[in-house]
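Contents: one structure, followed by commentary.
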Amino acid sequence: MKKIILTLAMALLPALVFGSGGAHLDKINVDLNNQSSLQRGMTTYVNNCLGCHSLQYQRYLRTAEDIGVPTELLKGNLIFSEQKVGDKITNAMPAADAANWFGTAPPDLTLVTKLRGSDWVYTYLRSFYQDDSRPWGVNNSVFKDVGMPNVLGYLQGVQLNHCSEAELADNITEIDPLTGIEIGGCYSLVEGTGEQSAKQFDRTIYDLVNFMSYIGAPHTLQSQSMGVNVLIFLFLFFFFTYALKKEYWKDIH
Ligand code: HEC
């Protein structure tokens with residue numbers, strides 16, 4: 001018995017360690033069944049991100065089917081280039097030029113929520129702040145000296161990150177165990193500089209990261225419905241096997 005408990009405890013250990021990993025990042029409760037959220041997220045993505053970041057391991061049509069967008073709407077509203085509905089979600093940005101413009105070529109983002117975690121992406125997109133020493137005038141608290149401009153700044157507005165001495169003494173920042181850099185800060189928004197309120201902006205980013213989480217694991221929706229079907233099958237199968245067992249044993253008892 002002791003051995004079993006020990007083995008179980010060892011098996012759970014990695015979960016505990018990983019669990020504490022992203023603790024200081026803002027949490028996002030991904031909901032892949034919320035189709036309208038996924039659709040709004042896709043709209044934000046193709047309008048603001050696709051120009052630089054492809055999603056080259058996913059196709060338009062598959063995505064649209066999974067998140068409930070009719071093909072006509074997909075063609076008219078979500079594909080701006082000459083691409084066909086069956087194509088992969090790519091862009092025309094030449095990687096070499098992009099590397100010159102931004103210092104690094106914008107990476108493909110199909111798997112970024114798998115690699116970094118949805119919490120990280122959710123926190124990253126809300127953590128750009130004004131920093132005049134940087135080429136684009138912004139820095140990011142979870143991605144120091146980032147090469148990406150604050151493309152959603154027009155929605156969020158100008159965000160400042162100034163901690164008072166007292167706040168700094170309170171040790172407001174913590175270390176991200178994945179990247180080893182400090183996370184967190186004392187944010188304030190400059191009033192009237194963004195199109196959305198802080199709450200609306202959080203919602204926009206929620207939908208966007210929800211969509212990106214679907215893109216990173218498109219089979220999750222299918223596995224969920226498949227899981228239910230398998231359980232129903234096992235449940236029904238149980239009755240048949242039970243009836244069969246009764247039949248076999250009826251003359252023996
Ligand atoms: C003008 C081009 C451009 C646009 C538009 C853009 N990005 Fe970026 N993005 C970049 C560049 C360049 C980097 C790489 C930054 C670096 O390595 O310093 C980056 C990095 C990232 C990363 C970090 C990737 C990693 O793991 O290193 C994420 C996540 C990201 N972008 C998300 C987005 C999202 C979501 C949007 C749309 C709201 C967006 N980006 C729009 C240029 C862009």
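Chain labels follow the order of the structure tokens: the first chain is A, the next B, and so on; residue numbering restarts at 1 in every chain, and ligands are counted from 1 in their shown order.
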Check range 37-192 of chain A with DSSP on the backbone and list each residue it calls strand (DSSP E), as a PyMOL selection string.
chain A and resi 55-59+88-89+128-130+138-140+159-161+174-175+182-183+187-189
Can you spit out the residues from that selection as a PDB file, in the first residue's frame, using C-alpha atoms?
```pdb
ATOM      1  CA  LEU A  55      -1.067  30.349 -38.960  1.00  0.00           C
ATOM      2  CA  GLN A  56       0.395  28.066 -41.573  1.00  0.00           C
ATOM      3  CA  TYR A  57      -0.525  24.724 -40.009  1.00  0.00           C
ATOM      4  CA  GLN A  58      -4.247  25.487 -40.207  1.00  0.00           C
ATOM      5  CA  ARG A  59      -6.564  25.949 -43.180  1.00  0.00           C
ATOM      6  CA  LYS A  88      -3.505  27.415 -45.327  1.00  0.00           C
ATOM      7  CA  ILE A  89      -3.699  30.647 -43.315  1.00  0.00           C
ATOM      8  CA  PHE A 128       2.722  46.646 -23.749  1.00  0.00           C
ATOM      9  CA  TYR A 129       3.713  49.945 -22.146  1.00  0.00           C
ATOM     10  CA  GLN A 130       5.191  53.210 -23.326  1.00  0.00           C
ATOM     11  CA  VAL A 138       6.851  50.479 -26.480  1.00  0.00           C
ATOM     12  CA  ASN A 139       8.214  47.706 -24.339  1.00  0.00           C
ATOM     13  CA  ASN A 140       6.522  44.676 -22.835  1.00  0.00           C
ATOM     14  CA  GLN A 159      -0.320  52.328 -21.108  1.00  0.00           C
ATOM     15  CA  LEU A 160       2.268  53.563 -18.635  1.00  0.00           C
ATOM     16  CA  ASN A 161       4.290  51.439 -16.269  1.00  0.00           C
ATOM     17  CA  GLU A 174       8.076  38.316  -9.992  1.00  0.00           C
ATOM     18  CA  ILE A 175      10.253  36.030 -12.071  1.00  0.00           C
ATOM     19  CA  GLU A 182      10.583  39.824 -14.400  1.00  0.00           C
ATOM     20  CA  ILE A 183       6.849  40.032 -14.913  1.00  0.00           C
ATOM     21  CA  TYR A 187       0.113  50.009 -15.061  1.00  0.00           C
ATOM     22  CA  SER A 188      -2.045  53.006 -15.710  1.00  0.00           C
ATOM     23  CA  LEU A 189      -3.843  54.004 -18.894  1.00  0.00           C
TER      24      LEU A 189
END
```
Residues within 6 Å of ligand 1, counting only C-alpha atoms and all ligand atoms, as a PyMOL selection string:
chain A and resi 45+48-49+51-52+102+104-106+112+121+146-148+151-152
Point-to-point distance from CA of Ile4 in chain A to CA of Gly227 in chain A, Å rounded to tenths:
28.4 Å
DSSP-assigned helix (DSSP H, G or I) members of range 87-226 of chain A, reported as a PDB file with N, CA, C and O atoms, in the first residue's frame:
```pdb
ATOM      1  N   ALA A  95      10.174  36.856 -45.231  1.00  0.00           N
ATOM      2  CA  ALA A  95      10.823  36.701 -43.924  1.00  0.00           C
ATOM      3  C   ALA A  95      12.098  37.549 -43.803  1.00  0.00           C
ATOM      4  O   ALA A  95      12.348  38.152 -42.755  1.00  0.00           O
ATOM      5  N   ALA A  96      12.876  37.623 -44.882  1.00  0.00           N
ATOM      6  CA  ALA A  96      14.149  38.344 -44.790  1.00  0.00           C
ATOM      7  C   ALA A  96      13.899  39.833 -44.558  1.00  0.00           C
ATOM      8  O   ALA A  96      14.539  40.464 -43.696  1.00  0.00           O
ATOM      9  N   ASP A  97      12.943  40.423 -45.306  1.00  0.00           N
ATOM     10  CA  ASP A  97      12.622  41.842 -45.108  1.00  0.00           C
ATOM     11  C   ASP A  97      12.120  42.080 -43.700  1.00  0.00           C
ATOM     12  O   ASP A  97      12.501  43.031 -43.025  1.00  0.00           O
ATOM     13  N   ALA A  98      11.231  41.153 -43.256  1.00  0.00           N
ATOM     14  CA  ALA A  98      10.625  41.317 -41.935  1.00  0.00           C
ATOM     15  C   ALA A  98      11.702  41.334 -40.865  1.00  0.00           C
ATOM     16  O   ALA A  98      11.645  42.126 -39.921  1.00  0.00           O
ATOM     17  N   ALA A  99      12.712  40.471 -41.026  1.00  0.00           N
ATOM     18  CA  ALA A  99      13.783  40.423 -40.041  1.00  0.00           C
ATOM     19  C   ALA A  99      14.518  41.766 -40.010  1.00  0.00           C
ATOM     20  O   ALA A  99      14.932  42.251 -38.954  1.00  0.00           O
ATOM     21  N   ASN A 100      14.659  42.406 -41.187  1.00  0.00           N
ATOM     22  CA  ASN A 100      15.295  43.722 -41.239  1.00  0.00           C
ATOM     23  C   ASN A 100      14.456  44.781 -40.536  1.00  0.00           C
ATOM     24  O   ASN A 100      14.966  45.631 -39.828  1.00  0.00           O
ATOM     25  N   TRP A 101      13.146  44.718 -40.768  1.00  0.00           N
ATOM     26  CA  TRP A 101      12.276  45.756 -40.198  1.00  0.00           C
ATOM     27  C   TRP A 101      12.154  45.645 -38.697  1.00  0.00           C
ATOM     28  O   TRP A 101      12.097  46.635 -38.000  1.00  0.00           O
ATOM     29  N   PHE A 102      12.031  44.416 -38.186  1.00  0.00           N
ATOM     30  CA  PHE A 102      11.687  44.257 -36.764  1.00  0.00           C
ATOM     31  C   PHE A 102      12.830  43.702 -35.916  1.00  0.00           C
ATOM     32  O   PHE A 102      12.688  43.526 -34.719  1.00  0.00           O
ATOM     33  N   VAL A 112       1.683  28.829 -30.800  1.00  0.00           N
ATOM     34  CA  VAL A 112       2.252  29.654 -29.723  1.00  0.00           C
ATOM     35  C   VAL A 112       1.561  29.432 -28.377  1.00  0.00           C
ATOM     36  O   VAL A 112       2.201  29.462 -27.321  1.00  0.00           O
ATOM     37  N   THR A 113       0.250  29.134 -28.383  1.00  0.00           N
ATOM     38  CA  THR A 113      -0.430  28.916 -27.096  1.00  0.00           C
ATOM     39  C   THR A 113      -0.014  27.576 -26.481  1.00  0.00           C
ATOM     40  O   THR A 113      -0.153  27.365 -25.288  1.00  0.00           O
ATOM     41  N   LYS A 114       0.485  26.669 -27.324  1.00  0.00           N
ATOM     42  CA  LYS A 114       1.012  25.397 -26.801  1.00  0.00           C
ATOM     43  C   LYS A 114       2.395  25.635 -26.207  1.00  0.00           C
ATOM     44  O   LYS A 114       2.743  25.103 -25.161  1.00  0.00           O
ATOM     45  N   LEU A 115       3.197  26.396 -26.954  1.00  0.00           N
ATOM     46  CA  LEU A 115       4.586  26.618 -26.559  1.00  0.00           C
ATOM     47  C   LEU A 115       4.680  27.489 -25.317  1.00  0.00           C
ATOM     48  O   LEU A 115       5.338  27.144 -24.332  1.00  0.00           O
ATOM     49  N   SER A 118      -1.507  29.639 -22.943  1.00  0.00           N
ATOM     50  CA  SER A 118      -2.503  30.672 -23.226  1.00  0.00           C
ATOM     51  C   SER A 118      -2.394  31.828 -22.233  1.00  0.00           C
ATOM     52  O   SER A 118      -2.585  32.989 -22.599  1.00  0.00           O
ATOM     53  N   ASP A 119      -2.071  31.530 -20.970  1.00  0.00           N
ATOM     54  CA  ASP A 119      -1.954  32.591 -19.958  1.00  0.00           C
ATOM     55  C   ASP A 119      -0.866  33.582 -20.353  1.00  0.00           C
ATOM     56  O   ASP A 119      -1.023  34.794 -20.227  1.00  0.00           O
ATOM     57  N   TRP A 120       0.238  33.051 -20.866  1.00  0.00           N
ATOM     58  CA  TRP A 120       1.353  33.935 -21.239  1.00  0.00           C
ATOM     59  C   TRP A 120       0.907  34.858 -22.370  1.00  0.00           C
ATOM     60  O   TRP A 120       1.132  36.070 -22.318  1.00  0.00           O
ATOM     61  N   VAL A 121       0.278  34.287 -23.409  1.00  0.00           N
ATOM     62  CA  VAL A 121      -0.124  35.096 -24.569  1.00  0.00           C
ATOM     63  C   VAL A 121      -1.140  36.156 -24.125  1.00  0.00           C
ATOM     64  O   VAL A 121      -1.080  37.319 -24.533  1.00  0.00           O
ATOM     65  N   TYR A 122      -2.076  35.741 -23.242  1.00  0.00           N
ATOM     66  CA  TYR A 122      -3.106  36.651 -22.733  1.00  0.00           C
ATOM     67  C   TYR A 122      -2.459  37.817 -21.968  1.00  0.00           C
ATOM     68  O   TYR A 122      -2.833  38.980 -22.128  1.00  0.00           O
ATOM     69  N   THR A 123      -1.454  37.504 -21.161  1.00  0.00           N
ATOM     70  CA  THR A 123      -0.780  38.548 -20.391  1.00  0.00           C
ATOM     71  C   THR A 123       0.076  39.425 -21.309  1.00  0.00           C
ATOM     72  O   THR A 123       0.057  40.656 -21.213  1.00  0.00           O
ATOM     73  N   TYR A 124       0.778  38.768 -22.233  1.00  0.00           N
ATOM     74  CA  TYR A 124       1.674  39.488 -23.157  1.00  0.00           C
ATOM     75  C   TYR A 124       0.930  40.572 -23.931  1.00  0.00           C
ATOM     76  O   TYR A 124       1.375  41.719 -24.018  1.00  0.00           O
ATOM     77  N   LEU A 125      -0.235  40.211 -24.478  1.00  0.00           N
ATOM     78  CA  LEU A 125      -0.949  41.150 -25.355  1.00  0.00           C
ATOM     79  C   LEU A 125      -1.535  42.341 -24.583  1.00  0.00           C
ATOM     80  O   LEU A 125      -1.916  43.341 -25.179  1.00  0.00           O
ATOM     81  N   GLY A 153      -2.579  48.986 -29.783  1.00  0.00           N
ATOM     82  CA  GLY A 153      -2.536  50.194 -28.960  1.00  0.00           C
ATOM     83  C   GLY A 153      -3.690  51.133 -29.272  1.00  0.00           C
ATOM     84  O   GLY A 153      -4.175  51.838 -28.390  1.00  0.00           O
ATOM     85  N   TYR A 154      -4.170  51.123 -30.522  1.00  0.00           N
ATOM     86  CA  TYR A 154      -5.284  52.020 -30.872  1.00  0.00           C
ATOM     87  C   TYR A 154      -6.556  51.642 -30.125  1.00  0.00           C
ATOM     88  O   TYR A 154      -7.423  52.480 -29.888  1.00  0.00           O
ATOM     89  N   LEU A 155      -6.672  50.380 -29.729  1.00  0.00           N
ATOM     90  CA  LEU A 155      -7.838  49.958 -28.938  1.00  0.00           C
ATOM     91  C   LEU A 155      -7.613  50.195 -27.444  1.00  0.00           C
ATOM     92  O   LEU A 155      -8.468  50.701 -26.736  1.00  0.00           O
ATOM     93  N   GLN A 156      -6.435  49.794 -26.977  1.00  0.00           N
ATOM     94  CA  GLN A 156      -6.158  49.840 -25.536  1.00  0.00           C
ATOM     95  C   GLN A 156      -5.851  51.248 -25.054  1.00  0.00           C
ATOM     96  O   GLN A 156      -6.219  51.614 -23.937  1.00  0.00           O
ATOM     97  N   GLU A 165       8.223  54.278  -5.396  1.00  0.00           N
ATOM     98  CA  GLU A 165       9.236  53.598  -4.568  1.00  0.00           C
ATOM     99  C   GLU A 165       8.587  52.577  -3.636  1.00  0.00           C
ATOM    100  O   GLU A 165       9.092  51.469  -3.452  1.00  0.00           O
ATOM    101  N   ALA A 166       7.422  53.001  -3.074  1.00  0.00           N
ATOM    102  CA  ALA A 166       6.738  52.129  -2.119  1.00  0.00           C
ATOM    103  C   ALA A 166       6.299  50.836  -2.813  1.00  0.00           C
ATOM    104  O   ALA A 166       6.455  49.739  -2.269  1.00  0.00           O
ATOM    105  N   GLU A 167       5.773  50.992  -4.038  1.00  0.00           N
ATOM    106  CA  GLU A 167       5.315  49.805  -4.773  1.00  0.00           C
ATOM    107  C   GLU A 167       6.487  48.887  -5.125  1.00  0.00           C
ATOM    108  O   GLU A 167       6.391  47.675  -5.031  1.00  0.00           O
ATOM    109  N   LEU A 168       7.601  49.528  -5.497  1.00  0.00           N
ATOM    110  CA  LEU A 168       8.787  48.725  -5.823  1.00  0.00           C
ATOM    111  C   LEU A 168       9.265  47.950  -4.600  1.00  0.00           C
ATOM    112  O   LEU A 168       9.631  46.791  -4.685  1.00  0.00           O
ATOM    113  N   ALA A 169       9.209  48.629  -3.427  1.00  0.00           N
ATOM    114  CA  ALA A 169       9.645  47.986  -2.188  1.00  0.00           C
ATOM    115  C   ALA A 169       8.735  46.802  -1.862  1.00  0.00           C
ATOM    116  O   ALA A 169       9.160  45.829  -1.244  1.00  0.00           O
ATOM    117  N   ALA A 198     -10.963  49.638 -20.546  1.00  0.00           N
ATOM    118  CA  ALA A 198     -10.069  48.565 -20.099  1.00  0.00           C
ATOM    119  C   ALA A 198     -10.812  47.221 -20.108  1.00  0.00           C
ATOM    120  O   ALA A 198     -10.257  46.187 -20.492  1.00  0.00           O
ATOM    121  N   LYS A 199     -12.090  47.238 -19.733  1.00  0.00           N
ATOM    122  CA  LYS A 199     -12.869  46.009 -19.659  1.00  0.00           C
ATOM    123  C   LYS A 199     -13.117  45.439 -21.063  1.00  0.00           C
ATOM    124  O   LYS A 199     -12.969  44.235 -21.296  1.00  0.00           O
ATOM    125  N   GLN A 200     -13.494  46.354 -21.984  1.00  0.00           N
ATOM    126  CA  GLN A 200     -13.730  45.912 -23.374  1.00  0.00           C
ATOM    127  C   GLN A 200     -12.449  45.347 -23.967  1.00  0.00           C
ATOM    128  O   GLN A 200     -12.473  44.351 -24.689  1.00  0.00           O
ATOM    129  N   PHE A 201     -11.322  45.999 -23.662  1.00  0.00           N
ATOM    130  CA  PHE A 201     -10.057  45.539 -24.229  1.00  0.00           C
ATOM    131  C   PHE A 201      -9.700  44.150 -23.704  1.00  0.00           C
ATOM    132  O   PHE A 201      -9.274  43.275 -24.464  1.00  0.00           O
ATOM    133  N   ASP A 202      -9.921  43.927 -22.419  1.00  0.00           N
ATOM    134  CA  ASP A 202      -9.672  42.590 -21.852  1.00  0.00           C
ATOM    135  C   ASP A 202     -10.518  41.551 -22.583  1.00  0.00           C
ATOM    136  O   ASP A 202     -10.079  40.435 -22.854  1.00  0.00           O
ATOM    137  N   ARG A 203     -11.749  41.915 -22.894  1.00  0.00           N
ATOM    138  CA  ARG A 203     -12.686  41.019 -23.600  1.00  0.00           C
ATOM    139  C   ARG A 203     -12.156  40.718 -25.013  1.00  0.00           C
ATOM    140  O   ARG A 203     -12.158  39.581 -25.475  1.00  0.00           O
ATOM    141  N   THR A 204     -11.678  41.781 -25.692  1.00  0.00           N
ATOM    142  CA  THR A 204     -11.123  41.603 -27.044  1.00  0.00           C
ATOM    143  C   THR A 204      -9.965  40.612 -27.006  1.00  0.00           C
ATOM    144  O   THR A 204      -9.870  39.698 -27.827  1.00  0.00           O
ATOM    145  N   ILE A 205      -9.080  40.803 -26.025  1.00  0.00           N
ATOM    146  CA  ILE A 205      -7.907  39.928 -25.931  1.00  0.00           C
ATOM    147  C   ILE A 205      -8.339  38.526 -25.498  1.00  0.00           C
ATOM    148  O   ILE A 205      -7.788  37.523 -25.955  1.00  0.00           O
ATOM    149  N   TYR A 206      -9.359  38.452 -24.633  1.00  0.00           N
ATOM    150  CA  TYR A 206      -9.875  37.141 -24.242  1.00  0.00           C
ATOM    151  C   TYR A 206     -10.302  36.364 -25.498  1.00  0.00           C
ATOM    152  O   TYR A 206      -9.905  35.220 -25.709  1.00  0.00           O
ATOM    153  N   ASP A 207     -11.129  37.011 -26.342  1.00  0.00           N
ATOM    154  CA  ASP A 207     -11.626  36.345 -27.545  1.00  0.00           C
ATOM    155  C   ASP A 207     -10.469  35.951 -28.478  1.00  0.00           C
ATOM    156  O   ASP A 207     -10.442  34.853 -29.033  1.00  0.00           O
ATOM    157  N   LEU A 208      -9.511  36.876 -28.609  1.00  0.00           N
ATOM    158  CA  LEU A 208      -8.372  36.635 -29.494  1.00  0.00           C
ATOM    159  C   LEU A 208      -7.564  35.422 -29.016  1.00  0.00           C
ATOM    160  O   LEU A 208      -7.234  34.521 -29.802  1.00  0.00           O
ATOM    161  N   VAL A 209      -7.282  35.361 -27.722  1.00  0.00           N
ATOM    162  CA  VAL A 209      -6.450  34.271 -27.203  1.00  0.00           C
ATOM    163  C   VAL A 209      -7.264  32.965 -27.148  1.00  0.00           C
ATOM    164  O   VAL A 209      -6.714  31.874 -27.327  1.00  0.00           O
ATOM    165  N   ASN A 210      -8.571  33.093 -26.966  1.00  0.00           N
ATOM    166  CA  ASN A 210      -9.433  31.917 -27.043  1.00  0.00           C
ATOM    167  C   ASN A 210      -9.290  31.300 -28.448  1.00  0.00           C
ATOM    168  O   ASN A 210      -9.072  30.092 -28.605  1.00  0.00           O
ATOM    169  N   PHE A 211      -9.378  32.171 -29.459  1.00  0.00           N
ATOM    170  CA  PHE A 211      -9.236  31.715 -30.844  1.00  0.00           C
ATOM    171  C   PHE A 211      -7.850  31.102 -31.081  1.00  0.00           C
ATOM    172  O   PHE A 211      -7.716  30.023 -31.672  1.00  0.00           O
ATOM    173  N   MET A 212      -6.817  31.770 -30.576  1.00  0.00           N
ATOM    174  CA  MET A 212      -5.453  31.254 -30.783  1.00  0.00           C
ATOM    175  C   MET A 212      -5.261  29.917 -30.063  1.00  0.00           C
ATOM    176  O   MET A 212      -4.511  29.053 -30.521  1.00  0.00           O
ATOM    177  N   SER A 213      -5.968  29.725 -28.949  1.00  0.00           N
ATOM    178  CA  SER A 213      -5.868  28.452 -28.230  1.00  0.00           C
ATOM    179  C   SER A 213      -6.543  27.345 -29.030  1.00  0.00           C
ATOM    180  O   SER A 213      -6.072  26.207 -29.061  1.00  0.00           O
ATOM    181  N   TYR A 214      -7.668  27.688 -29.697  1.00  0.00           N
ATOM    182  CA  TYR A 214      -8.310  26.704 -30.578  1.00  0.00           C
ATOM    183  C   TYR A 214      -7.347  26.329 -31.708  1.00  0.00           C
ATOM    184  O   TYR A 214      -7.147  25.147 -32.015  1.00  0.00           O
ATOM    185  N   ILE A 215      -6.706  27.360 -32.322  1.00  0.00           N
ATOM    186  CA  ILE A 215      -5.802  27.125 -33.449  1.00  0.00           C
ATOM    187  C   ILE A 215      -4.666  26.176 -33.052  1.00  0.00           C
ATOM    188  O   ILE A 215      -4.226  25.339 -33.829  1.00  0.00           O
ATOM    189  N   GLY A 216      -4.209  26.293 -31.813  1.00  0.00           N
ATOM    190  CA  GLY A 216      -3.099  25.451 -31.347  1.00  0.00           C
ATOM    191  C   GLY A 216      -3.526  24.015 -31.053  1.00  0.00           C
ATOM    192  O   GLY A 216      -2.694  23.127 -30.950  1.00  0.00           O
ATOM    193  N   HIS A 219      -8.062  19.819 -32.605  1.00  0.00           N
ATOM    194  CA  HIS A 219      -8.736  18.535 -32.422  1.00  0.00           C
ATOM    195  C   HIS A 219      -9.441  18.433 -31.081  1.00  0.00           C
ATOM    196  O   HIS A 219     -10.179  17.504 -30.841  1.00  0.00           O
ATOM    197  N   THR A 220      -9.196  19.413 -30.182  1.00  0.00           N
ATOM    198  CA  THR A 220      -9.792  19.329 -28.837  1.00  0.00           C
ATOM    199  C   THR A 220     -11.308  19.211 -28.908  1.00  0.00           C
ATOM    200  O   THR A 220     -11.917  18.402 -28.207  1.00  0.00           O
ATOM    201  N   LEU A 221     -11.935  20.043 -29.787  1.00  0.00           N
ATOM    202  CA  LEU A 221     -13.394  20.018 -29.893  1.00  0.00           C
ATOM    203  C   LEU A 221     -13.868  18.635 -30.307  1.00  0.00           C
ATOM    204  O   LEU A 221     -14.825  18.099 -29.752  1.00  0.00           O
ATOM    205  N   GLN A 222     -13.170  18.051 -31.305  1.00  0.00           N
ATOM    206  CA  GLN A 222     -13.567  16.716 -31.771  1.00  0.00           C
ATOM    207  C   GLN A 222     -13.367  15.675 -30.683  1.00  0.00           C
ATOM    208  O   GLN A 222     -14.215  14.813 -30.477  1.00  0.00           O
ATOM    209  N   SER A 223     -12.224  15.770 -29.962  1.00  0.00           N
ATOM    210  CA  SER A 223     -11.976  14.755 -28.933  1.00  0.00           C
ATOM    211  C   SER A 223     -13.065  14.798 -27.880  1.00  0.00           C
ATOM    212  O   SER A 223     -13.471  13.769 -27.356  1.00  0.00           O
ATOM    213  N   GLN A 224     -13.531  16.038 -27.569  1.00  0.00           N
ATOM    214  CA  GLN A 224     -14.568  16.145 -26.544  1.00  0.00           C
ATOM    215  C   GLN A 224     -15.836  15.431 -26.969  1.00  0.00           C
ATOM    216  O   GLN A 224     -16.411  14.643 -26.219  1.00  0.00           O
ATOM    217  N   SER A 225     -16.287  15.658 -28.226  1.00  0.00           N
ATOM    218  CA  SER A 225     -17.552  15.033 -28.643  1.00  0.00           C
ATOM    219  C   SER A 225     -17.344  13.537 -28.836  1.00  0.00           C
ATOM    220  O   SER A 225     -18.212  12.724 -28.539  1.00  0.00           O
ATOM    221  N   MET A 226     -16.133  13.163 -29.286  1.00  0.00           N
ATOM    222  CA  MET A 226     -15.822  11.742 -29.433  1.00  0.00           C
ATOM    223  C   MET A 226     -15.849  11.054 -28.065  1.00  0.00           C
ATOM    224  O   MET A 226     -16.383   9.955 -27.908  1.00  0.00           O
TER     225      MET A 226
END
```
Between CA of Thr90 in chain A and CA of Ser54 in chain A, distance in Å (one decimal)
4.5 Å
Between CA of Lys144 in chain A and CA of Gly103 in chain A, distance in Å (one decimal):
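A separation of 13.7 Å between them.
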Pick from A:Ala243, A:Leu234, A:Leu61, A:Leu32 nearest to Leu73 in chain A, counting only C-alpha atoms
A:Leu61
Give the answer as one residue: which of A:Asn150, A:Thr110, A:Lys246, A:Gln83 has the shortest atom-to-atom distance to Ser127 in chain A, using only C-alpha atoms?
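Closest to Ser127 in chain A, using only C-alpha atoms: A:Asn150.
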Which residue, A:Leu236, A:Ser197, A:Tyr60, A:Cys186, has the smallest gap to Asp87 in chain A when you use only C-alpha atoms?
A:Tyr60
